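Dropping my_file26.tsv in here (TSV, C-alpha atoms):
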```
chain	number	residue	atom	x	y	z
A	15	MET	CA	-101.42	-149.82	-12.47
A	16	PRO	CA	-100.73	-151.22	-9.01
A	17	ASP	CA	-97.94	-149.75	-6.94
A	18	LEU	CA	-94.54	-151.31	-7.40
A	19	THR	CA	-93.17	-153.25	-4.49
A	20	PRO	CA	-89.90	-155.08	-3.89
A	21	ASP	CA	-91.96	-158.30	-4.07
A	22	ALA	CA	-93.16	-157.42	-7.58
A	23	ILE	CA	-89.58	-156.86	-8.71
A	24	HIS	CA	-88.50	-160.12	-7.07
A	25	ALA	CA	-91.26	-161.87	-9.02
A	26	ALA	CA	-89.83	-160.49	-12.27
A	27	THR	CA	-86.34	-161.68	-11.44
A	28	GLU	CA	-87.76	-165.06	-10.41
A	29	THR	CA	-89.34	-165.34	-13.86
A	30	LEU	CA	-85.92	-164.72	-15.41
A	31	SER	CA	-84.44	-167.41	-13.18
A	32	ARG	CA	-87.15	-169.84	-14.31
A	33	LEU	CA	-86.38	-169.00	-17.94
A	34	THR	CA	-82.69	-169.70	-17.36
A	35	GLU	CA	-83.47	-173.06	-15.78
A	36	TYR	CA	-85.80	-173.92	-18.65
A	37	LEU	CA	-83.13	-173.05	-21.23
A	38	ARG	CA	-80.67	-175.29	-19.40
A	39	GLN	CA	-83.02	-178.18	-20.21
A	40	GLU	CA	-82.12	-177.58	-23.88
A	41	PRO	CA	-85.56	-176.99	-25.44
A	42	HIS	CA	-85.94	-176.72	-29.21
A	43	PRO	CA	-84.13	-173.56	-30.38
A	44	ALA	CA	-87.25	-172.09	-32.00
A	45	GLU	CA	-89.11	-172.32	-28.69
A	46	ALA	CA	-86.14	-170.89	-26.78
A	47	LEU	CA	-85.88	-167.99	-29.22
A	48	ALA	CA	-89.58	-167.22	-28.85
A	49	LEU	CA	-89.15	-166.98	-25.09
A	50	VAL	CA	-85.97	-164.88	-25.18
A	51	GLU	CA	-86.95	-162.59	-28.04
A	52	PRO	CA	-89.04	-160.15	-25.92
A	53	LEU	CA	-86.11	-159.76	-23.53
A	54	LEU	CA	-83.84	-158.54	-26.33
A	55	ASP	CA	-86.25	-156.35	-28.27
A	56	GLU	CA	-84.26	-153.36	-29.51
A	57	TYR	CA	-86.74	-150.82	-28.11
A	58	THR	CA	-88.30	-152.46	-25.05
A	59	GLY	CA	-85.91	-155.27	-24.16
A	60	LEU	CA	-83.96	-155.72	-20.96
A	61	PRO	CA	-80.78	-153.90	-22.03
A	62	VAL	CA	-82.73	-150.74	-22.85
A	63	GLN	CA	-85.05	-151.03	-19.86
A	64	LEU	CA	-82.23	-151.72	-17.42
A	65	GLY	CA	-80.22	-148.81	-18.80
A	66	ASP	CA	-83.23	-146.51	-18.41
A	67	THR	CA	-83.83	-147.82	-14.89
A	68	LEU	CA	-80.22	-147.19	-13.86
A	69	ARG	CA	-80.33	-143.65	-15.30
A	70	ALA	CA	-83.59	-142.95	-13.45
A	71	LEU	CA	-82.08	-144.27	-10.22
A	72	ALA	CA	-78.99	-142.10	-10.74
A	73	ARG	CA	-81.20	-139.05	-11.28
A	74	THR	CA	-83.26	-139.81	-8.16
A	75	VAL	CA	-80.19	-140.33	-5.99
A	76	HIS	CA	-78.53	-137.19	-7.36
A	77	ILE	CA	-81.61	-135.03	-6.72
A	78	HIS	CA	-81.95	-136.33	-3.17
A	79	ARG	CA	-78.27	-136.45	-2.31
A	80	PRO	CA	-77.42	-135.36	1.20
A	81	ASP	CA	-75.85	-131.97	1.73
A	82	THR	CA	-72.98	-133.29	3.80
A	83	PRO	CA	-69.23	-133.70	3.42
A	84	ARG	CA	-69.94	-137.23	2.18
A	85	ALA	CA	-71.97	-135.92	-0.78
A	86	HIS	CA	-68.95	-136.37	-3.08
A	87	LYS	CA	-69.27	-140.14	-2.54
A	88	VAL	CA	-72.85	-139.94	-3.78
A	89	ASP	CA	-71.65	-138.12	-6.89
A	90	LEU	CA	-69.14	-140.89	-7.59
A	91	LEU	CA	-71.80	-143.57	-7.13
A	92	VAL	CA	-74.19	-141.68	-9.40
A	93	GLN	CA	-71.49	-141.60	-12.07
A	94	GLU	CA	-71.02	-145.37	-11.69
A	95	LEU	CA	-74.76	-145.86	-12.20
A	96	ARG	CA	-74.68	-143.72	-15.33
A	97	ASN	CA	-71.68	-145.62	-16.70
A	98	ALA	CA	-73.41	-148.93	-16.03
A	99	ALA	CA	-76.52	-147.61	-17.77
A	100	TRP	CA	-74.55	-146.92	-20.94
A	101	GLU	CA	-72.94	-150.35	-20.81
A	102	GLN	CA	-76.35	-152.00	-20.50
A	103	THR	CA	-77.90	-149.92	-23.26
A	104	ASP	CA	-75.00	-150.80	-25.56
A	105	GLN	CA	-76.22	-154.39	-25.39
A	106	HIS	CA	-79.41	-153.43	-27.27
A	107	THR	CA	-77.79	-154.80	-30.43
A	108	LEU	CA	-78.33	-158.34	-29.12
A	109	HIS	CA	-81.64	-158.27	-31.00
A	110	TYR	CA	-79.55	-158.76	-34.16
A	111	VAL	CA	-78.29	-162.05	-32.72
A	112	ILE	CA	-81.90	-163.18	-32.23
A	113	ASP	CA	-82.70	-162.15	-35.82
A	114	GLY	CA	-79.78	-164.23	-37.10
A	115	LEU	CA	-80.73	-167.25	-35.01
A	116	ARG	CA	-84.35	-167.00	-36.12
A	117	VAL	CA	-83.23	-167.20	-39.75
A	118	LEU	CA	-81.16	-170.31	-38.98
A	119	TYR	CA	-83.98	-172.07	-37.15
A	120	ALA	CA	-86.93	-170.92	-39.27
A	121	PRO	CA	-88.94	-173.84	-40.58
A	122	LYS	CA	-87.92	-174.63	-44.14
A	123	SER	CA	-90.70	-174.80	-46.70
A	124	PRO	CA	-90.76	-178.27	-48.31
A	125	SER	CA	-92.26	-176.79	-51.47
A	126	ALA	CA	-89.27	-174.50	-52.12
A	127	PRO	CA	-87.72	-175.04	-55.55
A	128	GLY	CA	-84.36	-176.74	-55.91
A	129	CYS	CA	-82.86	-180.01	-54.87
A	130	GLY	CA	-82.71	-181.16	-51.27
A	131	ALA	CA	-79.11	-180.03	-50.85
A	132	CYS	CA	-80.00	-176.53	-52.13
A	133	ARG	CA	-82.82	-176.06	-49.66
```
Exercise: express the given structure as structure tokens:
Amino acid sequence: MPDLTPDAIHAATETLSRLTEYLRQEPHPAEALALVEPLLDEYTGLPVQLGDTLRALARTVHIHRPDTPRAHKVDLLVQELRNAAWEQTDQHTLHYVIDGLRVLYAPKSPSAPGCGACR
């Protein structure tokens, strides 16, 4: 795996910006869902990943905090990172929204029994 660089992270955020712009063009919902679904996966999606990233950053900053009178400010900032991590992780349930939308926009089988209004 190549080393991470700020440019690599910028590329990831640029991809998200491109996705947002694409969604603003109002593509078919099934296509939009297919593109967004990996972002909201309940185990590997953005909310979980961002929460884990914020916790890891908090841990790194806490371990390397300066031993100065200003260290208490670092502790407060670390707590803010940890709080933000929990808020992000709480959004992992958005995958249920994708599940519900997928059901609504799933192609209907024309051979399903019942009248047209029932299908």
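Our summary of the geometry notes that atom CA of Gln39 of chain A is positioned 21.0 Å from atom CA of Val111 of chain A.
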re atom CA of Lys87 of chain A and atom CA of Val75 of chain A: distance 11.5 Å
d(atom CA of Gln63 of chain A, atom CA of Thr103 of chain A) in Å:
8.0 Å
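Close contacts of segment 90-92 of chain A, defined as residues with an atom at most 12 Å away when counting only C-alpha atoms, with chain neighbours fewer than 6 positions off set aside, comprise Leu68, Arg69, Ala70, Leu71, Ala72, Arg73, Thr74, Val75, His76, Ile77, His78, Arg79, Arg84, Ala98 and Ala99 of chain A.
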Show me the residues close to (-87.6, -171.2, -20.4) - anything with an atom within 12 Å, counting all atoms listed in the file - and format the list as a PyMOL selection string.
chain A and resi 28-51+53
Would you compute the box with edges along x, y and z of the file around segment 108-116 of chain A, including every atom the file lists for it and 3 Å extra on each side, and give its centre and edge lengths in Å to one decimal, as JSON?
```
{"center_x": -81.3, "center_y": -162.8, "center_z": -33.1, "size_x": 12.1, "size_y": 15.0, "size_z": 14.0}
```
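With all atoms listed in the file as the atoms that count, the minimum distance from Gly65 of chain A to the choices A:Glu101, A:Asp17, A:Asp113, A:Asp89 is reached by A:Glu101.
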Best match for closeness to Gln102 of chain A among A:Asp66, A:Pro20, A:Tyr57, A:Ala25, counting all atoms listed in the file:
A:Asp66
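Using all atoms listed in the file for every distance, the candidate list A:His109, A:Asp81, A:Thr27, A:Asn97 yields A:His109 as the residue closest to Thr58 of chain A.
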